[in-house]
Amino acid sequence: MDSHSLDGFFAPRSIAIVGASGTPGKIGAYPLHYQRHFGYSGSLVLVNPGRAEIDGLPCVPSLREAQTGIDLAILAVPAEQIEAAVLDAIQARVRNVVMFSAGFAEIGEAGAVLQRRVVSALQEAGIRLLGPNCLGYVNVARSVYATFSPAMMSAQARAGSVAMVSQSGAFGGYAYAMACRRDLGLSHWITTGNEADLHVADCIEWLAGDDRTDAILAYMEGCGDGDRFVRSLRAAQAACKPVVVIKVGATARGARAASSHSAALAGDDRVFDAVLKQYGAWRVGSIEELFNAGYALSTLPRPSNQTVGVLTVSGGVGALVTDDAARLGLAMPPMPQDAQDLVLDQVPFASAANPVDITAQVMHRPELLGSTARLMLDQGGYGSLLVFLANGVRTDAGWRLQQDLAVTLRREFPDRAVVFSALSTSERTQALDALGCASFEDPSSAMHAIAALSHFAAKRPLVAAAVRSAVSPAVLGALNELEAMQLLGRYGIATPPAALAATAMEAVEAARHLGFPVVMKVLSADIQHKTEIGGVILGVTDEAAVQAAFRLLCERWETHMPGRPFEGVVVASMISGGLECILGLHRDPQFGLVAVFGMGGIQAELLADVTVRRLPLCQAEAREMVSGLKSSIVFSGYRGSAPLDIAALEAAILALSRFGEEFSEALESVDLNPLVIRKAGQGVIALDAVVQWRR
């Protein structure tokens with residue numbers, strides 16, 4: 001989609017309200033009231049066949065009798081009248097439609113059929129649609145209020161640089177009220193409802209190119225089009241526009257609730273989370289975090305680095321936010337020793353590393369606050385500084401001290417983020433905002449906001465766009481283990497030396513050639529998990545054992561697969577030592593092929609110790625897949641064990657990514673389980689391989 005094609009949608013020069021009403025509380029009354037109350041300057045057309053005028057404004061019975069080429073039609077009529085209203089809009093050559101009406105895909109199949117008919121007619125006419133089942137949108141700067149949300153009746157958001165887009169209308173209305181309460185300046189407020197045409201992703205992509213928007217906050221219940229969503233994140237990343245997302249459905253119960261609410265498909269939350277990380281977005285877990293991040297991003301400069309310093313008058317709070325920083329993955333390096341000595345010269349009983357606790361001594365020597373803060377930013381070099389002042393700024397003298405400090409630090413360190421935490425008044429907080437410093441009452445909230453800010457301060461390379469393969473699954477047959485290993489071997493994935501044996505004597509010959517001990521496995525493209533039928537025998541040490549193992553595998557095949565032809569066995573070299581992991585590809589219904597890496601055994605399943613990334617992968621992402629495991633410390637040598645071949649592991653991940661890219665349309669999944677990681681310099685080797693094509 002060309003995002004510029006939505007300029008006329010979200011900044012219309014003419015608006016028609018179909019179902020306009022002068023009765024307070026009616027859905028068609030809200031947008032009419034808002035356009036007049038908030039001063040919309042464009043052309044306004046009211047459509048109501050039962051009224052000649054509303055509050056002095058003339059009405060027309062249908063859009064066809066109004067001017068042609070209207071930029072935006074707001075359809076505020078019941079679902080049973082929608083098809084007629086859509087036909088009217090098409091004949092009037094309306095360019096864009098906002099559809100408030102409910103009663104579509106969110107209520108079941110009958111509604112879904114109606115929704116498809118309406119969307120098909122609009123698309124054929126080249127008309128873009130927001131909704132149905134949505135609260136519409138607001139363009140604050142242009143005073144466009146294409147919504148029936150009552151939130152705007154009690155408060156008006158000030159014009160600012162933060163855009164909000166929500167799949168849920170109710171959440172969107174609540175969020176608008178919260179923005180007003182928090183005095184968060186908005187550029188746009190958009191709700192997408194059933195997303196029959198425009199998705200949250202389309203809105204993010206358009207907002208990425210919007211000059212009035214510097215940061216984007218999004219509420220999501222599902223993702224119906226993974227490629228579209230990724231494209232939007234890439235656009236925001238390229239435009240250096242932070243995207244902060246709160247998504248429900250992280251649990252099975254939450255996913256069911258989201259689906260029942262708006263017909264959204266929640267999908268695999270781990271994959272969604274990985275996509276956000278991979279494409280530079282920041283995910284939050286609460287409404288408070290969402291607004292705190294938006295506030296920080298709209299108030300503070302992007303810090304020059306990702307390190308955090310804490311200056312406090314309370315050792316307990318210093319410990320609290322240090323724990324927060326550790327959980328959030330924020331770096332809090334200690335002050336240089338020379339700088340610590342300077343602090344201790346002034347306050348011998350201070351804690352001078354990081355956090356720097358100058359204690360309540362600052363009450364008697366207020367100059368300590370400024371000198372220590374400047375020292376931390378200068379010699380400590382921190383990108384962000386959290387200054388906890390407790391209750392000390394509620395007096396006039398304390399406020400003057402804080403205000404002077406804010407002015408000084410912003411002047412001397414314009415590329416650093418200065419965040420205060422103290423009990424204060426809203427007026428004083430707004431004064432600090434105007435100076436370019438943020439203020440929070442809760443120090444933990446402040447640290448979470450710093451985490452979001454630091455995330456967007458990192459320099460991340462743009463992820464390459466996915467390449468679609470032209471290979472059709474129809475030309476690919478089922479692969480047995482040997483065929484899968486041979487295919488993967490062409491992409492650089494190492495497997496043990498192995499041979500096919502159709503008879504016991506062939507198995508003996510293969511074992512002699514490979515050298516004992518060997519592994520013997522039944523060979524079949526029809527069985528993905530051979531251990532479930534006892535189809536794997538390890539540690540076969542001599543020729544007699546080979547013949548016995550061959551007979552046993554034949555017997556087990558007949559028991560579990562009666563009447564199915566026995567293809568033979570795989571005889572492979574026995575690989576010992578190393579660390580067992582799992583590596584594979586999986587097709588996600590929203591985002592396509594994703595790579596999955598984790599520790600072997602119960603670690604991956606029981607502890608959920610896995611990392612996920614969407615294809616294609618680059619070197620940095622392969623490295624993050626390894627380092628992102630909770631147990632990644634074992635790769636570098638743990639408790640005296642030898643370091644493992646991390647470079648070879650990363651190379652294997654990239655090799656599997658290349659394989660997945662080439663067969664992107666044909667491939668369903670790949671399992672390398674186990675993948676053995678050997679000592680540094682000895683490489684990695686896949687002991688088993690399963691490749692499944694899409695049906």
# chains A, B, ... in the order shown; residues from 1 in each chain; ligands from 1
$ residues_around --residues "region 11-28 of chain A" --least-positions-apart "3" --cutoff "7 Å" --atoms "only C-alpha atoms" --output "PyMOL selection string"
chain A and resi 7-8+31-32+42-48+54-55+70-77+148
$ residues_around --residues "region 370-376 of chain A" --least-positions-apart "5" --cutoff "9 Å" --atoms "only C-alpha atoms" --output "NGL selection string"
:A and (309-311 or 335 or 339 or 342-343 or 356 or 358 or 381-382 or 385 or 387 or 401-402 or 404-405 or 408-409 or 412-413)
$ select_by_dssp --residues "region 573-602 of chain A" --states "strand (DSSP E)" --output "PDB file with N, CA and C atoms, in the first residue's frame"
ATOM      1  N   SER A 573      27.211 -42.772  12.041  1.00  0.00           N
ATOM      2  CA  SER A 573      28.253 -42.703  13.059  1.00  0.00           C
ATOM      3  C   SER A 573      27.659 -42.204  14.370  1.00  0.00           C
ATOM      4  N   LEU A 579      26.820 -30.418  23.500  1.00  0.00           N
ATOM      5  CA  LEU A 579      25.581 -29.990  24.140  1.00  0.00           C
ATOM      6  C   LEU A 579      24.439 -30.106  23.144  1.00  0.00           C
ATOM      7  N   GLU A 580      23.366 -30.789  23.549  1.00  0.00           N
ATOM      8  CA  GLU A 580      22.229 -30.984  22.664  1.00  0.00           C
ATOM      9  C   GLU A 580      21.271 -29.792  22.712  1.00  0.00           C
ATOM     10  N   CYS A 581      20.943 -29.279  21.535  1.00  0.00           N
ATOM     11  CA  CYS A 581      19.975 -28.184  21.385  1.00  0.00           C
ATOM     12  C   CYS A 581      18.969 -28.570  20.310  1.00  0.00           C
ATOM     13  N   ILE A 582      17.994 -27.711  20.107  1.00  0.00           N
ATOM     14  CA  ILE A 582      17.055 -27.901  19.006  1.00  0.00           C
ATOM     15  C   ILE A 582      17.086 -26.643  18.139  1.00  0.00           C
ATOM     16  N   LEU A 583      17.007 -26.835  16.847  1.00  0.00           N
ATOM     17  CA  LEU A 583      16.963 -25.733  15.896  1.00  0.00           C
ATOM     18  C   LEU A 583      15.971 -26.111  14.808  1.00  0.00           C
ATOM     19  N   GLY A 584      15.135 -25.176  14.435  1.00  0.00           N
ATOM     20  CA  GLY A 584      14.158 -25.519  13.405  1.00  0.00           C
ATOM     21  C   GLY A 584      13.500 -24.307  12.788  1.00  0.00           C
ATOM     22  N   LEU A 585      12.633 -24.585  11.843  1.00  0.00           N
ATOM     23  CA  LEU A 585      11.786 -23.582  11.221  1.00  0.00           C
ATOM     24  C   LEU A 585      10.331 -23.992  11.435  1.00  0.00           C
ATOM     25  N   HIS A 586       9.490 -22.999  11.601  1.00  0.00           N
ATOM     26  CA  HIS A 586       8.071 -23.252  11.839  1.00  0.00           C
ATOM     27  C   HIS A 586       7.275 -22.205  11.078  1.00  0.00           C
ATOM     28  N   ARG A 587       6.177 -22.613  10.463  1.00  0.00           N
ATOM     29  CA  ARG A 587       5.353 -21.653   9.727  1.00  0.00           C
ATOM     30  C   ARG A 587       4.273 -21.094  10.648  1.00  0.00           C
ATOM     31  N   ASP A 588       4.395 -19.818  10.953  1.00  0.00           N
ATOM     32  CA  ASP A 588       3.382 -19.139  11.754  1.00  0.00           C
ATOM     33  C   ASP A 588       2.268 -18.653  10.826  1.00  0.00           C
ATOM     34  N   GLY A 592       4.497 -16.163   8.711  1.00  0.00           N
ATOM     35  CA  GLY A 592       5.254 -17.032   7.818  1.00  0.00           C
ATOM     36  C   GLY A 592       6.338 -17.788   8.565  1.00  0.00           C
ATOM     37  N   LEU A 593       7.430 -18.089   7.873  1.00  0.00           N
ATOM     38  CA  LEU A 593       8.473 -18.920   8.470  1.00  0.00           C
ATOM     39  C   LEU A 593       9.237 -18.166   9.542  1.00  0.00           C
ATOM     40  N   VAL A 594       9.387 -18.831  10.691  1.00  0.00           N
ATOM     41  CA  VAL A 594      10.190 -18.295  11.781  1.00  0.00           C
ATOM     42  C   VAL A 594      11.196 -19.353  12.198  1.00  0.00           C
ATOM     43  N   ALA A 595      12.362 -18.902  12.634  1.00  0.00           N
ATOM     44  CA  ALA A 595      13.384 -19.807  13.166  1.00  0.00           C
ATOM     45  C   ALA A 595      13.187 -19.930  14.665  1.00  0.00           C
ATOM     46  N   VAL A 596      13.381 -21.151  15.178  1.00  0.00           N
ATOM     47  CA  VAL A 596      13.228 -21.436  16.604  1.00  0.00           C
ATOM     48  C   VAL A 596      14.487 -22.132  17.088  1.00  0.00           C
ATOM     49  N   PHE A 597      15.062 -21.623  18.182  1.00  0.00           N
ATOM     50  CA  PHE A 597      16.266 -22.225  18.744  1.00  0.00           C
ATOM     51  C   PHE A 597      16.099 -22.353  20.253  1.00  0.00           C
ATOM     52  N   GLY A 598      16.551 -23.484  20.798  1.00  0.00           N
ATOM     53  CA  GLY A 598      16.451 -23.670  22.246  1.00  0.00           C
ATOM     54  C   GLY A 598      17.333 -24.794  22.729  1.00  0.00           C
ATOM     55  N   MET A 599      17.396 -24.893  24.047  1.00  0.00           N
ATOM     56  CA  MET A 599      18.140 -25.990  24.652  1.00  0.00           C
ATOM     57  C   MET A 599      17.373 -27.291  24.462  1.00  0.00           C
TER      58      MET A 599
END
$ atom_distance --atom1 "CA of Ala125 (chain A)" --atom2 "CA of Glu109 (chain A)"
24.5 Å
$ residues_around --residues "Ala422 (chain A)" --least-positions-apart "5" --cutoff "12 Å" --atoms "only C-alpha atoms" --output "number ranges by chain"
A: 312-314, 317, 386-395, 398-399, 402, 428-429, 432, 438-446
$ write_last_selection --atoms "N, CA and C atoms" --output "PDB file, in the first residue's frame"
ATOM      1  N   THR A 312      20.416   9.416  44.041  1.00  0.00           N
ATOM      2  CA  THR A 312      19.308   9.254  44.978  1.00  0.00           C
ATOM      3  C   THR A 312      19.648   9.816  46.350  1.00  0.00           C
ATOM      4  N   VAL A 313      18.602  10.136  47.105  1.00  0.00           N
ATOM      5  CA  VAL A 313      18.762  10.520  48.502  1.00  0.00           C
ATOM      6  C   VAL A 313      18.285   9.392  49.408  1.00  0.00           C
ATOM      7  N   SER A 314      17.986   8.235  48.815  1.00  0.00           N
ATOM      8  CA  SER A 314      17.500   7.079  49.575  1.00  0.00           C
ATOM      9  C   SER A 314      18.184   5.817  49.078  1.00  0.00           C
ATOM     10  N   VAL A 317      15.524   3.171  47.821  1.00  0.00           N
ATOM     11  CA  VAL A 317      15.016   3.397  46.475  1.00  0.00           C
ATOM     12  C   VAL A 317      16.098   3.094  45.446  1.00  0.00           C
ATOM     13  N   LEU A 386      18.552   9.128  36.317  1.00  0.00           N
ATOM     14  CA  LEU A 386      17.362   9.157  37.157  1.00  0.00           C
ATOM     15  C   LEU A 386      17.736   9.802  38.485  1.00  0.00           C
ATOM     16  N   VAL A 387      17.054  10.892  38.809  1.00  0.00           N
ATOM     17  CA  VAL A 387      17.336  11.635  40.037  1.00  0.00           C
ATOM     18  C   VAL A 387      16.142  11.478  40.974  1.00  0.00           C
ATOM     19  N   PHE A 388      16.333  10.758  42.084  1.00  0.00           N
ATOM     20  CA  PHE A 388      15.250  10.547  43.052  1.00  0.00           C
ATOM     21  C   PHE A 388      15.403  11.544  44.193  1.00  0.00           C
ATOM     22  N   LEU A 389      14.348  12.377  44.378  1.00  0.00           N
ATOM     23  CA  LEU A 389      14.399  13.443  45.381  1.00  0.00           C
ATOM     24  C   LEU A 389      13.336  13.284  46.458  1.00  0.00           C
ATOM     25  N   ALA A 390      12.605  12.179  46.443  1.00  0.00           N
ATOM     26  CA  ALA A 390      11.607  11.877  47.471  1.00  0.00           C
ATOM     27  C   ALA A 390      10.618  13.029  47.611  1.00  0.00           C
ATOM     28  N   ASN A 391      10.511  13.575  48.823  1.00  0.00           N
ATOM     29  CA  ASN A 391       9.550  14.646  49.102  1.00  0.00           C
ATOM     30  C   ASN A 391      10.226  16.012  49.153  1.00  0.00           C
ATOM     31  N   GLY A 392      11.481  16.054  48.706  1.00  0.00           N
ATOM     32  CA  GLY A 392      12.293  17.241  48.937  1.00  0.00           C
ATOM     33  C   GLY A 392      12.021  18.419  48.044  1.00  0.00           C
ATOM     34  N   VAL A 393      11.133  18.277  47.042  1.00  0.00           N
ATOM     35  CA  VAL A 393      10.913  19.393  46.129  1.00  0.00           C
ATOM     36  C   VAL A 393       9.535  20.023  46.313  1.00  0.00           C
ATOM     37  N   ARG A 394       8.836  19.675  47.379  1.00  0.00           N
ATOM     38  CA  ARG A 394       7.503  20.245  47.586  1.00  0.00           C
ATOM     39  C   ARG A 394       7.580  21.648  48.190  1.00  0.00           C
ATOM     40  N   THR A 395       8.723  21.975  48.796  1.00  0.00           N
ATOM     41  CA  THR A 395       8.920  23.337  49.288  1.00  0.00           C
ATOM     42  C   THR A 395       9.353  24.229  48.128  1.00  0.00           C
ATOM     43  N   GLY A 398      13.075  23.769  47.578  1.00  0.00           N
ATOM     44  CA  GLY A 398      13.374  22.519  46.897  1.00  0.00           C
ATOM     45  C   GLY A 398      13.020  22.572  45.423  1.00  0.00           C
ATOM     46  N   TRP A 399      11.879  23.228  45.100  1.00  0.00           N
ATOM     47  CA  TRP A 399      11.486  23.359  43.702  1.00  0.00           C
ATOM     48  C   TRP A 399      12.483  24.204  42.925  1.00  0.00           C
ATOM     49  N   GLN A 402      15.463  22.056  42.145  1.00  0.00           N
ATOM     50  CA  GLN A 402      15.185  21.099  41.066  1.00  0.00           C
ATOM     51  C   GLN A 402      15.107  21.801  39.719  1.00  0.00           C
ATOM     52  N   ARG A 428       4.264  21.923  38.433  1.00  0.00           N
ATOM     53  CA  ARG A 428       5.721  21.835  38.426  1.00  0.00           C
ATOM     54  C   ARG A 428       6.198  20.732  37.481  1.00  0.00           C
ATOM     55  N   THR A 429       5.430  19.653  37.410  1.00  0.00           N
ATOM     56  CA  THR A 429       5.779  18.601  36.449  1.00  0.00           C
ATOM     57  C   THR A 429       5.724  19.143  35.022  1.00  0.00           C
ATOM     58  N   LEU A 432       8.747  21.195  34.263  1.00  0.00           N
ATOM     59  CA  LEU A 432       9.909  20.352  33.946  1.00  0.00           C
ATOM     60  C   LEU A 432       9.790  19.795  32.530  1.00  0.00           C
ATOM     61  N   ALA A 438      11.671  14.823  32.278  1.00  0.00           N
ATOM     62  CA  ALA A 438      10.453  14.117  32.672  1.00  0.00           C
ATOM     63  C   ALA A 438      10.424  13.954  34.185  1.00  0.00           C
ATOM     64  N   SER A 439       9.224  13.744  34.724  1.00  0.00           N
ATOM     65  CA  SER A 439       9.080  13.580  36.167  1.00  0.00           C
ATOM     66  C   SER A 439       8.027  12.526  36.467  1.00  0.00           C
ATOM     67  N   PHE A 440       8.347  11.624  37.387  1.00  0.00           N
ATOM     68  CA  PHE A 440       7.440  10.560  37.813  1.00  0.00           C
ATOM     69  C   PHE A 440       7.403  10.525  39.335  1.00  0.00           C
ATOM     70  N   GLU A 441       6.239  10.243  39.890  1.00  0.00           N
ATOM     71  CA  GLU A 441       6.183  10.039  41.340  1.00  0.00           C
ATOM     72  C   GLU A 441       6.785   8.695  41.720  1.00  0.00           C
ATOM     73  N   ASP A 442       6.522   7.659  40.915  1.00  0.00           N
ATOM     74  CA  ASP A 442       6.998   6.302  41.216  1.00  0.00           C
ATOM     75  C   ASP A 442       8.349   6.069  40.545  1.00  0.00           C
ATOM     76  N   PRO A 443       9.411   5.808  41.292  1.00  0.00           N
ATOM     77  CA  PRO A 443      10.724   5.607  40.668  1.00  0.00           C
ATOM     78  C   PRO A 443      10.789   4.383  39.761  1.00  0.00           C
ATOM     79  N   SER A 444      10.014   3.343  40.055  1.00  0.00           N
ATOM     80  CA  SER A 444      10.009   2.167  39.179  1.00  0.00           C
ATOM     81  C   SER A 444       9.372   2.504  37.832  1.00  0.00           C
ATOM     82  N   SER A 445       8.312   3.311  37.842  1.00  0.00           N
ATOM     83  CA  SER A 445       7.719   3.758  36.580  1.00  0.00           C
ATOM     84  C   SER A 445       8.729   4.560  35.781  1.00  0.00           C
ATOM     85  N   ALA A 446       9.508   5.376  36.478  1.00  0.00           N
ATOM     86  CA  ALA A 446      10.537   6.158  35.801  1.00  0.00           C
ATOM     87  C   ALA A 446      11.549   5.242  35.122  1.00  0.00           C
TER      88      ALA A 446
END
$ select_by_dssp --residues "region 71-231 of chain A" --states "helix (DSSP H, G or I)" --output "number ranges by chain"
A: 79-91, 105-107, 109-124, 151-154, 169-182, 200-208, 226-231
$ residues_around --residues "region 157-165 of chain A" --least-positions-apart "2" --cutoff "10 Å" --atoms "only C-alpha atoms" --output "compact mmCIF listing (two decimals) with N, CA and C atoms, in the first residue's frame"
# COMPACT_ATOMS: atom_id res chain seq x y z
N TYR A 137 -11.87 7.98 14.10
CA TYR A 137 -10.55 8.56 14.34
C TYR A 137 -10.65 10.05 14.61
N VAL A 138 -9.53 10.61 15.08
CA VAL A 138 -9.40 12.04 15.32
C VAL A 138 -8.05 12.49 14.78
N ASN A 139 -8.06 13.58 14.03
CA ASN A 139 -6.83 14.28 13.65
C ASN A 139 -6.85 15.58 14.46
N VAL A 140 -6.07 15.62 15.54
CA VAL A 140 -6.18 16.70 16.51
C VAL A 140 -5.81 18.05 15.90
N ALA A 141 -4.69 18.10 15.18
CA ALA A 141 -4.22 19.38 14.64
C ALA A 141 -5.20 19.98 13.64
N ARG A 142 -5.86 19.13 12.86
CA ARG A 142 -6.80 19.63 11.84
C ARG A 142 -8.25 19.64 12.32
N SER A 143 -8.45 19.31 13.59
CA SER A 143 -9.80 19.34 14.18
C SER A 143 -10.78 18.45 13.43
N MET A 152 -14.63 12.57 23.96
CA MET A 152 -14.32 13.94 23.54
C MET A 152 -15.33 14.95 24.07
N ALA A 155 -13.44 16.18 27.45
CA ALA A 155 -12.06 16.67 27.42
C ALA A 155 -11.57 16.73 25.98
N GLN A 167 -7.04 -1.31 18.01
CA GLN A 167 -8.04 -2.19 17.41
C GLN A 167 -9.36 -2.14 18.17
N SER A 168 -9.28 -1.80 19.44
CA SER A 168 -10.47 -1.75 20.28
C SER A 168 -10.96 -0.32 20.42
N GLY A 169 -12.25 -0.10 20.13
CA GLY A 169 -12.81 1.23 20.30
C GLY A 169 -12.92 1.61 21.76
N GLY A 172 -9.65 2.46 23.00
CA GLY A 172 -9.24 3.72 22.39
C GLY A 172 -9.87 4.91 23.08
N ALA A 175 -8.22 5.36 26.37
CA ALA A 175 -6.87 5.87 26.19
C ALA A 175 -6.88 7.36 25.86
N TYR A 176 -7.87 7.80 25.07
CA TYR A 176 -7.98 9.23 24.76
C TYR A 176 -8.19 10.03 26.05
N ALA A 177 -9.10 9.54 26.90
CA ALA A 177 -9.35 10.22 28.17
C ALA A 177 -8.10 10.24 29.04
N MET A 178 -7.36 9.13 29.03
CA MET A 178 -6.11 9.06 29.79
C MET A 178 -5.10 10.06 29.25
N ALA A 179 -5.02 10.20 27.93
CA ALA A 179 -4.08 11.15 27.34
C ALA A 179 -4.41 12.57 27.78
N CYS A 180 -5.71 12.90 27.81
CA CYS A 180 -6.11 14.22 28.29
C CYS A 180 -5.74 14.41 29.75
N ARG A 181 -5.99 13.37 30.53
CA ARG A 181 -5.68 13.46 31.97
C ARG A 181 -4.19 13.60 32.21
N ARG A 182 -3.40 12.93 31.40
CA ARG A 182 -1.94 12.99 31.55
C ARG A 182 -1.32 14.17 30.79
N ASP A 183 -2.16 14.94 30.09
CA ASP A 183 -1.70 16.06 29.26
C ASP A 183 -0.68 15.59 28.22
N LEU A 184 -0.97 14.42 27.64
CA LEU A 184 -0.12 13.89 26.57
C LEU A 184 -0.62 14.43 25.24
N GLY A 185 0.19 15.21 24.57
CA GLY A 185 -0.22 15.81 23.32
C GLY A 185 -0.33 14.79 22.20
N LEU A 186 -1.47 14.79 21.49
CA LEU A 186 -1.72 13.80 20.45
C LEU A 186 -1.69 14.45 19.06
N SER A 187 -1.18 13.69 18.11
CA SER A 187 -1.30 14.09 16.71
C SER A 187 -2.52 13.42 16.08
N HIS A 188 -2.69 12.12 16.33
CA HIS A 188 -3.81 11.36 15.77
C HIS A 188 -4.28 10.34 16.80
N TRP A 189 -5.55 10.01 16.72
CA TRP A 189 -6.17 8.96 17.53
C TRP A 189 -7.03 8.15 16.57
N ILE A 190 -6.73 6.85 16.43
CA ILE A 190 -7.38 6.03 15.40
C ILE A 190 -7.82 4.70 16.02
N THR A 191 -9.05 4.28 15.73
CA THR A 191 -9.49 2.94 16.10
C THR A 191 -9.86 2.19 14.83
N THR A 192 -9.52 0.91 14.77
CA THR A 192 -9.67 0.17 13.50
C THR A 192 -10.76 -0.88 13.51
N HIS A 199 -5.89 -1.78 8.48
CA HIS A 199 -5.43 -2.44 9.70
C HIS A 199 -4.65 -1.45 10.55
N VAL A 200 -4.39 -1.84 11.78
CA VAL A 200 -3.45 -1.09 12.61
C VAL A 200 -2.14 -0.89 11.86
N ALA A 201 -1.71 -1.91 11.15
CA ALA A 201 -0.45 -1.84 10.40
C ALA A 201 -0.48 -0.72 9.37
N CYS A 203 -2.19 1.98 9.46
CA CYS A 203 -2.15 3.25 10.18
C CYS A 203 -0.73 3.55 10.67
N ILE A 204 -0.05 2.54 11.19
CA ILE A 204 1.33 2.75 11.64
C ILE A 204 2.20 3.17 10.47
N LEU A 207 1.42 6.75 9.65
CA LEU A 207 1.92 7.62 10.71
C LEU A 207 3.44 7.75 10.67
N ALA A 208 4.11 6.71 10.18
CA ALA A 208 5.56 6.77 10.06
C ALA A 208 5.99 7.90 9.13
N ASP A 210 4.09 10.69 8.72
CA ASP A 210 3.36 11.90 9.10
C ASP A 210 4.28 12.87 9.83
N ASP A 211 4.37 14.09 9.33
CA ASP A 211 5.30 15.07 9.90
C ASP A 211 4.93 15.47 11.33
N ARG A 212 3.66 15.36 11.69
CA ARG A 212 3.23 15.78 13.03
C ARG A 212 3.44 14.70 14.08
N THR A 213 3.81 13.49 13.67
CA THR A 213 3.92 12.36 14.59
C THR A 213 5.38 12.00 14.82
N ASP A 214 5.77 11.92 16.10
CA ASP A 214 7.13 11.52 16.47
C ASP A 214 7.18 10.16 17.15
N ALA A 215 6.06 9.72 17.71
CA ALA A 215 6.01 8.41 18.38
C ALA A 215 4.61 7.83 18.21
N ILE A 216 4.53 6.49 18.17
CA ILE A 216 3.27 5.80 17.89
C ILE A 216 3.00 4.79 19.00
N LEU A 217 1.81 4.90 19.61
CA LEU A 217 1.37 3.95 20.62
C LEU A 217 0.26 3.10 20.01
N ALA A 218 0.36 1.77 20.17
CA ALA A 218 -0.62 0.88 19.53
C ALA A 218 -1.16 -0.13 20.52
N TYR A 219 -2.47 -0.34 20.47
CA TYR A 219 -3.13 -1.41 21.23
C TYR A 219 -3.60 -2.45 20.22
N MET A 220 -3.23 -3.72 20.46
CA MET A 220 -3.57 -4.78 19.52
C MET A 220 -4.15 -5.99 20.24
N PRO A 242 9.51 5.80 16.97
CA PRO A 242 9.30 4.71 17.93
C PRO A 242 7.87 4.18 17.89
N VAL A 243 7.73 2.85 17.96
CA VAL A 243 6.43 2.20 18.04
C VAL A 243 6.38 1.42 19.35
N VAL A 244 5.42 1.77 20.21
CA VAL A 244 5.23 1.10 21.50
C VAL A 244 3.91 0.35 21.43
N VAL A 245 3.94 -0.95 21.75
CA VAL A 245 2.77 -1.80 21.55
C VAL A 245 2.36 -2.46 22.86
N GLY A 294 5.02 6.78 26.13
CA GLY A 294 4.66 7.87 25.24
C GLY A 294 5.07 9.22 25.80
N TYR A 295 4.88 9.40 27.10
CA TYR A 295 5.27 10.65 27.77
C TYR A 295 6.78 10.86 27.67
N LEU A 297 8.92 9.54 25.52
CA LEU A 297 9.35 9.72 24.13
C LEU A 297 9.00 11.09 23.59
N SER A 298 7.93 11.70 24.10
CA SER A 298 7.53 13.01 23.61
C SER A 298 8.17 14.15 24.39
N THR A 299 8.82 13.84 25.50
CA THR A 299 9.38 14.87 26.36
C THR A 299 10.90 14.92 26.32
$ closest_residue --among "A:Asp357, A:Ala686, A:Ala121, A:Tyr30" --to "Gln486 (chain A)" --atoms "only C-alpha atoms"
A:Ala686
$ atom_distance --atom1 "CA of Asn96 (chain A)" --atom2 "CA of Arg128 (chain A)"
4.8 Å
$ residues_around --residues "region 453-458 of chain A" --least-positions-apart "4" --cutoff "7 Å" --atoms "only C-alpha atoms" --output "list in words"
Pro242, Ala296, Leu297, Arg302, Pro303, Ser304, Asn305, Gln306 and Ala449 of chain A
$ residues_around --residues "Gly681 (chain A)" --least-positions-apart "6" --cutoff "12 Å" --atoms "only C-alpha atoms" --output "list of chain:residue names"
A:Ala642, A:Pro643, A:Leu644, A:Asp645, A:Ile646, A:Ala647, A:Ala648, A:Leu649
$ residues_around --residues "Pro334 (chain A)" --least-positions-apart "3" --cutoff "9 Å" --atoms "only C-alpha atoms" --output "list in words"
Gly309, Gln337, Gln340, Ala352, Ala353, Asn354, Pro355 and Gly380 of chain A
$ write_last_selection --atoms "C-alpha atoms" --output "compact mmCIF listing (two decimals), in the first residue's frame"
# COMPACT_ATOMS: atom_id res chain seq x y z
CA GLY A 309 22.95 6.39 36.22
CA GLN A 337 37.01 5.39 40.59
CA GLN A 340 33.72 8.02 43.15
CA ALA A 352 29.44 6.46 45.27
CA ALA A 353 29.35 3.64 42.69
CA ASN A 354 25.94 3.54 40.95
CA PRO A 355 23.40 4.22 42.35
CA GLY A 380 30.20 8.64 34.39
$ closest_residue --among "A:Cys59, A:Leu553, A:Leu656, A:Leu328" --to "Thr503 (chain A)" --atoms "only C-alpha atoms"
A:Leu553
$ decode --residues "region 272-276 of chain A" --atoms "N, CA and C atoms" --output "JSON list (two decimals), in the first residue's frame"
[["chain", "number", "residue", "atom", "x", "y", "z"],
["A", 272, "PHE", "N", 4.84, -13.19, 17.95],
["A", 272, "PHE", "CA", 4.53, -11.76, 17.89],
["A", 272, "PHE", "C", 5.56, -10.97, 18.68],
["A", 273, "ASP", "N", 5.89, -11.43, 19.85],
["A", 273, "ASP", "CA", 6.87, -10.75, 20.69],
["A", 273, "ASP", "C", 8.22, -10.68, 19.99],
["A", 274, "ALA", "N", 8.61, -11.78, 19.36],
["A", 274, "ALA", "CA", 9.90, -11.81, 18.65],
["A", 274, "ALA", "C", 9.91, -10.84, 17.48],
["A", 275, "VAL", "N", 8.78, -10.74, 16.76],
["A", 275, "VAL", "CA", 8.70, -9.83, 15.62],
["A", 275, "VAL", "C", 8.85, -8.38, 16.09],
["A", 276, "LEU", "N", 8.22, -8.03, 17.19],
["A", 276, "LEU", "CA", 8.36, -6.68, 17.73],
["A", 276, "LEU", "C", 9.82, -6.37, 18.02]]
